[in-house]
Structures are given as C-alpha cells and as structure tokens.
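Peer 1: One structure follows; several queries about it will come next.
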Amino acid sequence: SPATETPAIASDLPLIVNTPSAQVPAPTATPSGPKRRVVVLDPGHGGDEIGASANGVVEKDSNLDFAFRVKALLEAQDIDVVMTRTTDARAAAQIAGYTATRSDLQERINIANRAGGDLFVSIHGNGSTDTSQKGVEIWYDSKRDFAAEGQQMATLALQHVLS
C-alpha cells in the first residue's frame, strides 16, 4: 500500500519505532585501508509476480522505485549497492526442479552471496484487508551476525521513505 503513515520494519522481532539518530554503520577497517560496505537491496516481486496492488499502485513497481531511492542515498554516503533486480523482471529464470517463485528467491540469495553483501534488506509494500495497516515493510534477518546493522539499515531507509 502507499506509504501514508508510519512504515514498518519486519523481522521476527517486534515492530520497532524509528529513531532520528539511526546511522548506517561505519565501514570496517582492514590492513589495506577502510573496507567499503556492500548493501544488497531486494525490491520484492517483479515480472509476472506483481505483489499487492490497489488504487493504481502496484507493489513490484513501487518497491523498485523505493529501492532506487535508497540506493541513491547509500551511494551518496560512499556505500556500494547491489540490487537484486533493476528492471521489471524476476531475478532469475526458472531453475529445474524449482517453482518460478522459489527460483527467483534463490537467485536473490545468490546475488547477495556473490556480492559479498554486508547487509541484505528486502523492500515490500504488502496489501491487507485491514484498513488500519498502511505503509511499507523492509525485511532483514535478525538471526544473522549482522542483524543489528540490518535493523539500522531498515530503520534509516524507512525514515526517508516519505521524503
């Protein structure tokens, strides 16, 4: 649904409240100099998988637009960004033995792993029959070693979704 109210961060943790002080974590230093952060942005859905749609807004399109906006913000902070898709298409063709959706999801993971992503966040604008639910969601994996950074990234992106 269109972002008209407070967006949500989704994980297996309770909903968090956005705080203005959230910052993208600083890069980790290496012996040869500072390591650049790599953030993998996953604009959910794509191609024939449209996601939610209402009032002329189609999730696959709004997710992609949002991801490009987040990408620009991150690159302005000298952070490398890899997107799982940059067009209206699935991330991968169907893999033998997998459904189209499973193939697509697996390729999104493969893209993040090949990129050596420090963070992986998935952007969604899901629909609901509950009219009190509005906004967008950004998913991250709270069980990974980099969960705190994923939460920070999701919080920062959501702070800027409306502006």
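Residue numbering restarts at 1 in every chain; chains get A, B, ... in the order shown in the structure tokens, and ligands count up from 1 in that same order.
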Determine which residues of range 27-147 of chain A receive a DSSP assignment of alpha helix (DSSP H), computed from the backbone, and state them as a PyMOL selection string.
Peer 2: chain A and resi 59-76+100-115+147
Peer 1: For range 89-106 of chain A, please output as a list in words all residues within 9 Å (counting only C-alpha atoms; exclusion window: fewer than 4 positions along the same chain).
Peer 2: His45, Gly46, Gly47, Asp48, Glu49, Thr84, Arg85, Asn110 and Ile111 of chain A
Peer 1: Go ahead and write the selection's residues with N, CA, C and O atoms as a PDB file, in the first residue's frame.
Peer 2:
ATOM      1  N   HIS A  45       9.318  -8.813  -5.444  1.00  0.00           N
ATOM      2  CA  HIS A  45       8.460  -9.127  -6.584  1.00  0.00           C
ATOM      3  C   HIS A  45       9.147  -8.717  -7.890  1.00  0.00           C
ATOM      4  O   HIS A  45      10.333  -8.461  -7.921  1.00  0.00           O
ATOM      5  N   GLY A  46       8.418  -8.664  -8.969  1.00  0.00           N
ATOM      6  CA  GLY A  46       8.967  -8.322 -10.279  1.00  0.00           C
ATOM      7  C   GLY A  46       8.443  -9.252 -11.347  1.00  0.00           C
ATOM      8  O   GLY A  46       8.008 -10.379 -11.062  1.00  0.00           O
ATOM      9  N   GLY A  47       8.439  -8.788 -12.580  1.00  0.00           N
ATOM     10  CA  GLY A  47       7.955  -9.603 -13.688  1.00  0.00           C
ATOM     11  C   GLY A  47       6.497  -9.945 -13.508  1.00  0.00           C
ATOM     12  O   GLY A  47       5.667  -9.081 -13.226  1.00  0.00           O
ATOM     13  N   ASP A  48       6.182 -11.232 -13.654  1.00  0.00           N
ATOM     14  CA  ASP A  48       4.788 -11.672 -13.549  1.00  0.00           C
ATOM     15  C   ASP A  48       4.293 -11.747 -12.109  1.00  0.00           C
ATOM     16  O   ASP A  48       3.114 -11.946 -11.862  1.00  0.00           O
ATOM     17  N   GLU A  49       5.167 -11.570 -11.139  1.00  0.00           N
ATOM     18  CA  GLU A  49       4.768 -11.567  -9.728  1.00  0.00           C
ATOM     19  C   GLU A  49       4.610 -10.119  -9.286  1.00  0.00           C
ATOM     20  O   GLU A  49       5.595  -9.435  -8.977  1.00  0.00           O
ATOM     21  N   THR A  84      19.020  -6.681  -6.371  1.00  0.00           N
ATOM     22  CA  THR A  84      18.689  -8.000  -6.889  1.00  0.00           C
ATOM     23  C   THR A  84      17.939  -7.922  -8.206  1.00  0.00           C
ATOM     24  O   THR A  84      17.898  -8.889  -8.953  1.00  0.00           O
ATOM     25  N   ARG A  85      17.332  -6.777  -8.486  1.00  0.00           N
ATOM     26  CA  ARG A  85      16.746  -6.528  -9.797  1.00  0.00           C
ATOM     27  C   ARG A  85      16.725  -5.028 -10.031  1.00  0.00           C
ATOM     28  O   ARG A  85      16.597  -4.243  -9.087  1.00  0.00           O
ATOM     29  N   ASN A 110      21.519 -15.808  -4.032  1.00  0.00           N
ATOM     30  CA  ASN A 110      22.777 -15.994  -4.765  1.00  0.00           C
ATOM     31  C   ASN A 110      23.425 -14.665  -5.106  1.00  0.00           C
ATOM     32  O   ASN A 110      24.651 -14.513  -4.993  1.00  0.00           O
ATOM     33  N   ILE A 111      22.624 -13.686  -5.533  1.00  0.00           N
ATOM     34  CA  ILE A 111      23.149 -12.357  -5.862  1.00  0.00           C
ATOM     35  C   ILE A 111      23.813 -11.738  -4.637  1.00  0.00           C
ATOM     36  O   ILE A 111      24.931 -11.210  -4.717  1.00  0.00           O
TER      37      ILE A 111
END
Peer 1: Any idea what's packed within 7 Å of Ala154 in chain A, counting only C-alpha atoms, ignoring anything in its chain fewer than 2 positions away? Could you give it as a list in words?
Peer 2: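 In the requested form, the answer reads Ile9, Val121, Ile138, Gly150, Gln151, Gln152, Leu156, Ala157 and Leu158 of chain A.
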Peer 1: If we count only C-alpha atoms, what is near Ser62 in chain A at a cut-off of 9 Å, once residues fewer than 3 positions away on the same chain are taken out, given as number ranges by chain?
Peer 2: A: 2, 43, 57-59, 65-67, 124-125
